[in-house]
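Colleague: My file is protein.cif. It has mmCIF, C-alpha atoms and all ligand atoms:
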```cif
data_model
#
loop_
_atom_site.label_atom_id
_atom_site.label_comp_id
_atom_site.auth_asym_id
_atom_site.auth_seq_id
_atom_site.Cartn_x
_atom_site.Cartn_y
_atom_site.Cartn_z
CA MET A 1 97.37 128.39 109.33
CA LYS A 2 99.13 128.01 105.96
CA LYS A 3 96.27 128.20 103.46
CA THR A 4 92.50 127.93 103.20
CA VAL A 5 90.51 125.16 101.52
CA PHE A 6 86.80 125.33 100.64
CA ILE A 7 85.36 121.80 100.48
CA THR A 8 81.83 121.09 99.27
CA GLY A 9 80.11 118.00 100.67
CA ALA A 10 82.41 118.17 103.70
CA SER A 11 79.79 116.95 106.17
CA ARG A 12 80.20 113.26 105.25
CA GLY A 13 82.28 110.67 103.40
CA ILE A 14 85.20 111.78 101.23
CA GLY A 15 84.65 115.49 101.92
CA ARG A 16 84.66 114.90 105.67
CA ALA A 17 87.92 112.91 105.48
CA ALA A 18 89.41 115.68 103.33
CA ALA A 19 88.37 118.34 105.85
CA LEU A 20 90.10 116.47 108.69
CA CYS A 21 93.18 115.68 106.61
CA PHE A 22 93.63 119.30 105.47
CA ALA A 23 93.05 120.61 108.99
CA LYS A 24 95.75 118.26 110.32
CA ASN A 25 98.05 119.75 107.69
CA ASP A 26 97.51 123.31 108.89
CA PHE A 27 94.85 124.44 106.40
CA GLY A 28 91.95 126.62 107.45
CA VAL A 29 88.92 124.61 106.36
CA ALA A 30 85.59 125.93 105.07
CA ILE A 31 83.23 123.00 105.67
CA CYS A 32 80.40 123.34 103.15
CA TYR A 33 77.32 121.18 103.71
CA ASN A 34 73.79 121.12 102.37
CA LYS A 35 71.28 119.26 104.57
CA ASN A 36 73.32 117.73 107.36
CA LEU A 37 74.18 120.53 109.80
CA ALA A 38 74.70 118.07 112.67
CA ALA A 39 77.32 116.11 110.72
CA ALA A 40 79.02 119.34 109.57
CA ASN A 41 79.18 120.53 113.17
CA GLU A 42 80.74 117.20 114.19
CA VAL A 43 83.50 117.74 111.62
CA LEU A 44 83.97 121.26 112.97
CA ALA A 45 84.18 119.95 116.55
CA GLU A 46 86.76 117.32 115.57
CA ILE A 47 88.91 119.92 113.84
CA THR A 48 88.61 122.31 116.77
CA ALA A 49 89.59 119.52 119.18
CA LEU A 50 92.71 118.97 117.07
CA GLY A 51 93.58 122.64 117.48
CA GLY A 52 92.65 123.36 113.86
CA ASN A 53 90.84 126.28 112.27
CA ALA A 54 87.49 125.66 110.52
CA ALA A 55 84.03 127.10 109.96
CA VAL A 56 80.76 125.71 108.64
CA PHE A 57 78.84 127.13 105.66
CA LYS A 58 75.48 125.97 104.29
CA ALA A 59 74.83 125.90 100.55
CA ASP A 60 73.13 123.76 97.97
CA VAL A 61 75.85 123.69 95.31
CA SER A 62 73.27 123.76 92.53
CA ASN A 63 72.06 127.17 93.75
CA MET A 64 74.37 130.00 92.63
CA ALA A 65 73.06 132.50 95.21
CA GLU A 66 73.63 130.07 98.11
CA ILE A 67 77.13 129.16 96.93
CA SER A 68 78.00 132.81 96.41
CA ALA A 69 76.93 133.60 100.00
CA ALA A 70 78.90 130.63 101.38
CA VAL A 71 82.06 131.62 99.49
CA GLN A 72 81.71 135.24 100.65
CA GLY A 73 81.29 133.97 104.21
CA ALA A 74 84.42 131.83 103.94
CA LYS A 75 86.43 134.75 102.53
CA LYS A 76 85.26 136.93 105.41
CA THR A 77 86.31 134.28 107.92
CA PHE A 78 89.63 133.22 106.39
CA GLY A 79 90.60 136.17 104.18
CA THR A 80 90.97 134.13 101.03
CA ILE A 81 90.36 130.72 99.43
CA ASP A 82 93.50 129.05 98.09
CA VAL A 83 92.10 125.61 97.28
CA LEU A 84 88.61 124.67 96.07
CA ILE A 85 87.52 121.04 96.24
CA ASN A 86 84.32 120.36 94.29
CA ASN A 87 83.36 117.16 96.05
CA ALA A 88 79.59 117.41 96.70
CA GLY A 89 77.76 114.87 94.61
CA ILE A 90 74.94 112.41 94.33
CA ALA A 91 74.67 108.98 92.69
CA GLN A 92 71.70 106.87 91.68
CA GLN A 93 71.30 103.34 90.31
CA LYS A 94 68.53 102.95 87.73
CA VAL A 95 68.20 101.21 84.37
CA PHE A 96 68.26 103.77 81.59
CA SER A 97 64.58 103.33 80.75
CA ASP A 98 63.62 104.28 84.34
CA ILE A 99 65.73 107.46 84.50
CA THR A 100 63.32 110.42 84.46
CA GLU A 101 64.00 113.89 83.13
CA GLU A 102 63.97 115.05 86.76
CA ASP A 103 66.59 112.41 87.73
CA TRP A 104 68.77 113.56 84.83
CA ASP A 105 68.47 117.27 85.70
CA ASN A 106 69.11 116.65 89.38
CA MET A 107 72.23 114.58 88.60
CA PHE A 108 73.68 117.32 86.39
CA ASP A 109 72.52 120.21 88.61
CA ILE A 110 74.45 118.86 91.60
CA ASN A 111 77.44 117.07 90.05
CA VAL A 112 78.15 119.46 87.16
CA LYS A 113 76.40 122.80 87.67
CA GLY A 114 77.48 122.70 91.33
CA MET A 115 81.12 122.59 90.21
CA PHE A 116 80.46 125.41 87.70
CA ASN A 117 78.85 127.56 90.41
CA CYS A 118 81.69 127.04 92.91
CA CYS A 119 84.37 127.82 90.32
CA LYS A 120 82.52 130.97 89.22
CA CYS A 121 82.39 132.24 92.81
CA THR A 122 86.03 131.53 93.75
CA LEU A 123 87.97 132.15 90.54
CA ASP A 124 88.23 135.96 90.43
CA ASP A 125 90.39 136.05 93.57
CA MET A 126 92.60 133.20 92.35
CA ILE A 127 93.13 134.98 89.03
CA ASP A 128 93.98 138.23 90.83
CA LYS A 129 96.52 136.39 93.02
CA LYS A 130 97.78 134.36 90.04
CA CYS A 131 97.70 131.17 92.09
CA GLY A 132 95.22 128.60 93.31
CA LYS A 133 94.21 124.97 93.04
CA ILE A 134 90.88 123.56 91.96
CA ILE A 135 90.23 119.85 92.39
CA ASN A 136 87.05 118.31 90.98
CA ILE A 137 85.78 114.91 92.06
CA SER A 138 84.73 112.63 89.21
CA SER A 139 84.53 108.82 89.41
CA ILE A 140 85.88 105.72 87.68
CA TRP A 141 82.43 105.58 86.09
CA GLY A 142 83.11 108.92 84.41
CA ILE A 143 86.07 107.19 82.76
CA ALA A 144 84.72 103.70 82.14
CA GLY A 145 80.91 104.08 82.22
CA ALA A 146 78.68 102.05 84.56
CA SER A 147 75.66 99.98 83.66
CA CYS A 148 72.52 101.31 85.41
CA GLU A 149 74.28 104.62 86.07
CA VAL A 150 74.11 106.35 82.69
CA HIS A 151 73.23 109.77 84.12
CA TYR A 152 75.88 109.49 86.86
CA SER A 153 78.53 108.30 84.39
CA ALA A 154 77.66 111.10 81.95
CA ALA A 155 77.81 113.75 84.69
CA LYS A 156 81.15 112.46 85.98
CA ALA A 157 82.53 112.39 82.40
CA ALA A 158 81.44 116.04 82.13
CA VAL A 159 83.50 116.78 85.25
CA ILE A 160 86.57 115.43 83.43
CA GLY A 161 85.94 117.52 80.29
CA PHE A 162 85.34 120.63 82.39
CA THR A 163 88.59 120.02 84.30
CA LYS A 164 90.72 119.64 81.18
CA ALA A 165 89.28 122.73 79.46
CA LEU A 166 89.49 124.96 82.54
CA ALA A 167 93.05 123.76 83.22
CA LYS A 168 94.14 124.95 79.78
CA GLU A 169 92.37 128.28 80.19
CA LEU A 170 93.71 128.99 83.70
CA ALA A 171 97.28 127.72 83.38
CA PRO A 172 98.55 131.15 82.23
CA SER A 173 97.01 132.57 85.42
CA GLY A 174 99.04 130.16 87.56
CA ILE A 175 96.01 128.10 88.62
CA CYS A 176 96.09 124.30 88.56
CA VAL A 177 92.85 122.42 87.86
CA ASN A 178 92.82 118.67 88.35
CA CYS A 179 90.38 115.87 88.75
CA VAL A 180 90.29 112.92 91.15
CA ALA A 181 88.26 109.95 89.97
CA PRO A 182 87.84 107.57 92.93
CA GLY A 183 87.08 103.88 92.65
CA VAL A 184 84.61 102.25 95.03
CA ILE A 185 84.90 104.05 98.38
CA LYS A 186 83.12 102.98 101.55
CA THR A 187 80.82 105.94 102.31
CA ASP A 188 77.08 106.60 102.67
CA MET A 189 76.97 106.67 98.87
CA LEU A 190 77.16 102.85 98.95
CA ALA A 191 74.26 102.57 101.43
CA SER A 192 72.02 100.86 98.87
CA PHE A 193 74.58 98.03 98.34
CA ASP A 194 74.16 94.98 100.61
CA GLU A 195 77.12 93.16 102.24
CA CYS A 196 77.18 90.60 99.43
CA ALA A 197 77.45 93.28 96.72
CA LEU A 198 80.18 95.09 98.69
CA ALA A 199 82.14 91.83 99.07
CA ALA A 200 81.86 91.26 95.31
CA LEU A 201 83.16 94.78 94.64
CA SER A 202 86.12 94.18 97.00
CA GLU A 203 86.91 90.94 95.21
CA GLU A 204 86.74 92.66 91.84
CA THR A 205 89.30 95.23 93.03
CA PRO A 206 92.85 93.98 92.30
CA LEU A 207 94.13 95.40 95.63
CA GLY A 208 91.43 93.32 97.33
CA ARG A 209 89.53 95.93 99.32
CA LEU A 210 87.24 98.90 98.99
CA GLY A 211 88.80 102.34 99.22
CA THR A 212 88.49 104.49 102.33
CA PRO A 213 87.67 108.21 102.33
CA GLU A 214 91.20 108.73 103.71
CA ASP A 215 92.69 107.07 100.58
CA ILE A 216 91.12 109.87 98.56
CA ALA A 217 91.85 112.65 101.06
CA ASN A 218 95.59 111.88 100.83
CA VAL A 219 95.53 112.33 97.04
CA LEU A 220 93.60 115.59 97.41
CA LEU A 221 96.17 116.88 99.90
CA PHE A 222 99.00 116.05 97.52
CA LEU A 223 97.28 117.80 94.58
CA ALA A 224 96.66 120.86 96.75
CA SER A 225 100.29 121.03 97.85
CA ASP A 226 103.20 122.77 96.13
CA LYS A 227 104.61 119.29 95.42
CA ALA A 228 101.96 119.15 92.67
CA ASP A 229 102.69 122.57 91.17
CA PHE A 230 103.55 121.09 87.75
CA ILE A 231 100.37 118.99 87.56
CA THR A 232 97.32 120.43 85.81
CA GLY A 233 94.49 119.09 83.65
CA GLN A 234 95.06 115.55 84.92
CA VAL A 235 92.72 112.82 86.07
CA ILE A 236 94.16 110.88 89.01
CA SER A 237 92.19 107.74 89.81
CA PRO A 238 92.81 106.12 93.21
CA ASN A 239 90.84 102.94 92.59
CA GLY A 240 92.85 99.93 93.83
CA GLY A 241 93.37 98.83 90.23
CA PHE A 242 89.62 98.53 89.52
CA VAL A 243 90.03 100.54 86.29
CA ILE A 244 93.46 100.49 84.68
P1 LIG B 301 78.37 110.90 100.51
O1 LIG B 301 79.01 110.19 101.65
O2 LIG B 301 77.02 110.49 100.03
O3 LIG B 301 78.37 112.48 100.86
C1 LIG B 301 77.86 113.37 99.92
C2 LIG B 301 78.18 114.77 100.35
O4 LIG B 301 77.70 115.67 99.32
C3 LIG B 301 77.49 115.17 101.65
O5 LIG B 301 78.37 115.93 102.43
C4 LIG B 301 76.31 116.02 101.18
O6 LIG B 301 75.98 117.07 102.09
C5 LIG B 301 76.88 116.64 99.93
N1 LIG B 301 75.82 117.05 98.99
C6 LIG B 301 74.92 116.27 98.33
N2 LIG B 301 74.09 117.03 97.59
C7 LIG B 301 74.48 118.32 97.78
C8 LIG B 301 74.01 119.56 97.30
N3 LIG B 301 72.98 119.66 96.47
N4 LIG B 301 74.68 120.69 97.70
C9 LIG B 301 75.72 120.61 98.54
N5 LIG B 301 76.19 119.47 99.05
C10 LIG B 301 75.58 118.34 98.68
O7 LIG B 301 79.29 110.84 99.21
P2 LIG B 301 80.84 110.45 99.01
O8 LIG B 301 80.91 109.00 98.73
O9 LIG B 301 81.67 111.04 100.06
O10 LIG B 301 81.07 111.18 97.61
C11 LIG B 301 81.77 112.40 97.50
C12 LIG B 301 82.10 112.61 96.02
O11 LIG B 301 82.89 111.49 95.55
C13 LIG B 301 80.87 112.65 95.12
O12 LIG B 301 81.08 113.61 94.11
C14 LIG B 301 80.82 111.26 94.51
O13 LIG B 301 80.17 111.22 93.28
C15 LIG B 301 82.30 110.95 94.38
N6 LIG B 301 82.61 109.52 94.32
C16 LIG B 301 82.25 108.68 95.32
C17 LIG B 301 82.57 107.32 95.21
C18 LIG B 301 82.20 106.32 96.26
O14 LIG B 301 82.33 105.10 95.99
N7 LIG B 301 81.79 106.71 97.44
C19 LIG B 301 83.25 106.85 94.08
C20 LIG B 301 83.59 107.75 93.08
C21 LIG B 301 83.27 109.09 93.22
P3 LIG B 301 74.78 116.95 103.21
O15 LIG B 301 74.92 115.61 103.84
O16 LIG B 301 75.05 118.08 104.14
O17 LIG B 301 73.49 117.15 102.47
#
```
Kindly transcribe the structure held in the file into structure tokens.
Modeller:
Amino acid sequence: MKKTVFITGASRGIGRAAALCFAKNDFGVAICYNKNLAAANEVLAEITALGGNAAVFKADVSNMAEISAAVQGAKKTFGTIDVLINNAGIAQQKVFSDITEEDWDNMFDINVKGMFNCCKCTLDDMIDKKCGKIINISSIWGIAGASCEVHYSAAKAAVIGFTKALAKELAPSGICVNCVAPGVIKTDMLASFDECALAALSEETPLGRLGTPEDIANVLLFLASDKADFITGQVISPNGGFVI
């Protein structure tokens, strides 16, 4: 085992693909999930079958106490956390006038405060070691803005601002902080889109297809590697040309 990665939202979608990809590349993987223990255990079983090293931790990212316990558990299991991937997130499609205060708070609690909580709980060790990588997952909509997703777009734009500011603050401590802003990726997050809408999104993408979770996992692996040691504060957007 080379290094350890802590991935939130690793039970499904992009986080799951990242967990498998990092495990195949000799990382110890802390699989953090919230509600879906069965899916998290499937990821664990797949990694174990590959001969990899992983463990499952439950935490709602918006809850500081739960995240703190999960991070402590991962440190106990693996010794340290070298890479943090703040991937857990939710999306919602609603016209602005229908977005409630509760929708707004929930969107920011999970997508933004979740990232804050996870950084708070993992940073001290990285600062002590003077190395580490933090990768936050935003979205093309955090860059370009999406109609009927004002709260999601605003939260994902906040992820970008957070990344840039923290990157400047932590660079002297040898820690790289970057952001990945995926385009449209075929995961459960698109469950509310019918086949017709998905086909339209594919057509709108210059490369002519939707992204896969593996497309994003490969970028995450690169950013976590020492090949990316001179990259910090950047927003990398694997999106098939959807937003250029
Ligand atoms: P997904 O398939 O819906 O999976 C979401 C993951 O987040 C699940 O593992 C879920 O865990 C976890 N999660 C949700 N709420 C949580 C909470 N409160 N605490 C901890 N974990 C929580 O989503 P995805 O498409 O892989 O998206 C992953 C990230 O990429 C998100 O940040 C999303 O905004 C971003 N993104 C996705 C797309 C896309 O087109 N799919 C595009 C751009 C950006 P449980 O199942 O265990 O509850």
Colleague: Kindly provide, as a PyMOL selection string, all nucleotide and amino acid residues lying within 8 Å of ligand LIG 301 (chain B), counting all atoms listed in the file.
Modeller: chain A and resi 8-16+32-37+39-40+58-62+86-91+109-111+114+137-141+152+156+181-190+211+213
Colleague: Of the candidates A:Ala191, A:Ile7, A:Met107, A:Cys21, which one gets nearest to Glu149 of chain A if we count only C-alpha atoms?
Modeller: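 Under the stated criterion, the closest residue is A:Met107.
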Colleague: How many Å lie between atom CA of Ala167 of chain A and atom CA of Gly233 of chain A, rounded to one decimal?
Modeller: 4.9 Å
Colleague: Show which residues sit within 9 Å of Val95 of chain A, as a compact mmCIF listing (two decimals) with C-alpha atoms, in the frame of the given file. Count only C-alpha atoms, and ignore same-chain residues fewer than 3 positions away.
Modeller:
```txt
# COMPACT_ATOMS: atom_id res chain seq x y z
CA ASP A 98 63.62 104.28 84.34
CA ILE A 99 65.73 107.46 84.50
CA SER A 147 75.66 99.98 83.66
CA CYS A 148 72.52 101.31 85.41
CA GLU A 149 74.28 104.62 86.07
CA VAL A 150 74.11 106.35 82.69
```
Colleague: Using only C-alpha atoms, find all polymer residues with an atom at most 10 Å away from the point (97.2, 135.6, 89.2); report them as an NGL selection string.
Modeller: :A and (123-132 or 170-175)
Colleague: List the spatial neighbours of Gly73 of chain A as a PyMOL selection string - criterion: any atom at most 12 Å away, all atoms listed in the file, same-chain residues fewer than 3 positions off excluded.
Modeller: chain A and resi 6+30-32+55-59+66-70+76-81+121-122
Colleague: Restricting the calculation to all atoms listed in the file: of A:Thr4, A:Asn53, A:Asn106, A:Thr48, which residue gets closest to Asp82 of chain A?
Modeller: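 Distance minimum relative to Asp82 of chain A lands on A:Thr4.
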Colleague: Separation of atom CA of Ala157 of chain A and atom CA of Ala217 of chain A, in Å?
Modeller: 20.9 Å
Colleague: Expressed in Å to a single decimal, how great is the separation between atom CA of Gly142 of chain A and atom CA of Ala23 of chain A?
Modeller: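 Going from atom CA of Gly142 of chain A over to atom CA of Ala23 of chain A covers 29.0 Å.
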Colleague: Using all atoms listed in the file, can you tell me which of A:Asn178, A:Ile47, A:Cys119, A:Glu42 comes closest to Val29 of chain A?
Modeller: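 Selected residue with least distance to Val29 of chain A: A:Ile47.
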Colleague: Calculated over only C-alpha atoms, which of the candidates A:Ala17, A:Phe162, A:Asp226, A:His151 has the smallest distance to Thr100 of chain A?
Modeller: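 Among the listed residues, the smallest separation from Thr100 of chain A belongs to A:His151.
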Colleague: Using only C-alpha atoms, can you list as an mmCIF file with C-alpha atoms, in the frame of the given file the residues within 7 Å of (91.5, 125.9, 93.9)?
Modeller:
```cif
data_model
loop_
_atom_site.group_PDB
_atom_site.id
_atom_site.type_symbol
_atom_site.label_atom_id
_atom_site.label_comp_id
_atom_site.auth_asym_id
_atom_site.auth_seq_id
_atom_site.Cartn_x
_atom_site.Cartn_y
_atom_site.Cartn_z
ATOM 1 C CA ASP A 82 93.500 129.050 98.090
ATOM 2 C CA VAL A 83 92.100 125.610 97.280
ATOM 3 C CA LEU A 84 88.610 124.670 96.070
ATOM 4 C CA ILE A 85 87.520 121.040 96.240
ATOM 5 C CA GLY A 132 95.220 128.600 93.310
ATOM 6 C CA LYS A 133 94.210 124.970 93.040
ATOM 7 C CA ILE A 134 90.880 123.560 91.960
ATOM 8 C CA ILE A 135 90.230 119.850 92.390
#
```
Colleague: Between A:Leu223, A:Ala155, A:Ala165, A:Ala74, which residue has the minimum interatomic distance to Val180 of chain A, considering all atoms listed in the file?
Modeller: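 Smallest separation from Val180 of chain A among the options: A:Leu223.
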Colleague: Counting all atoms listed in the file, figure out which residue out of A:Thr205, A:Phe242, A:Ala146, A:Met64 gets nearest to Asn117 of chain A.
Modeller: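 Closest candidate: A:Met64.
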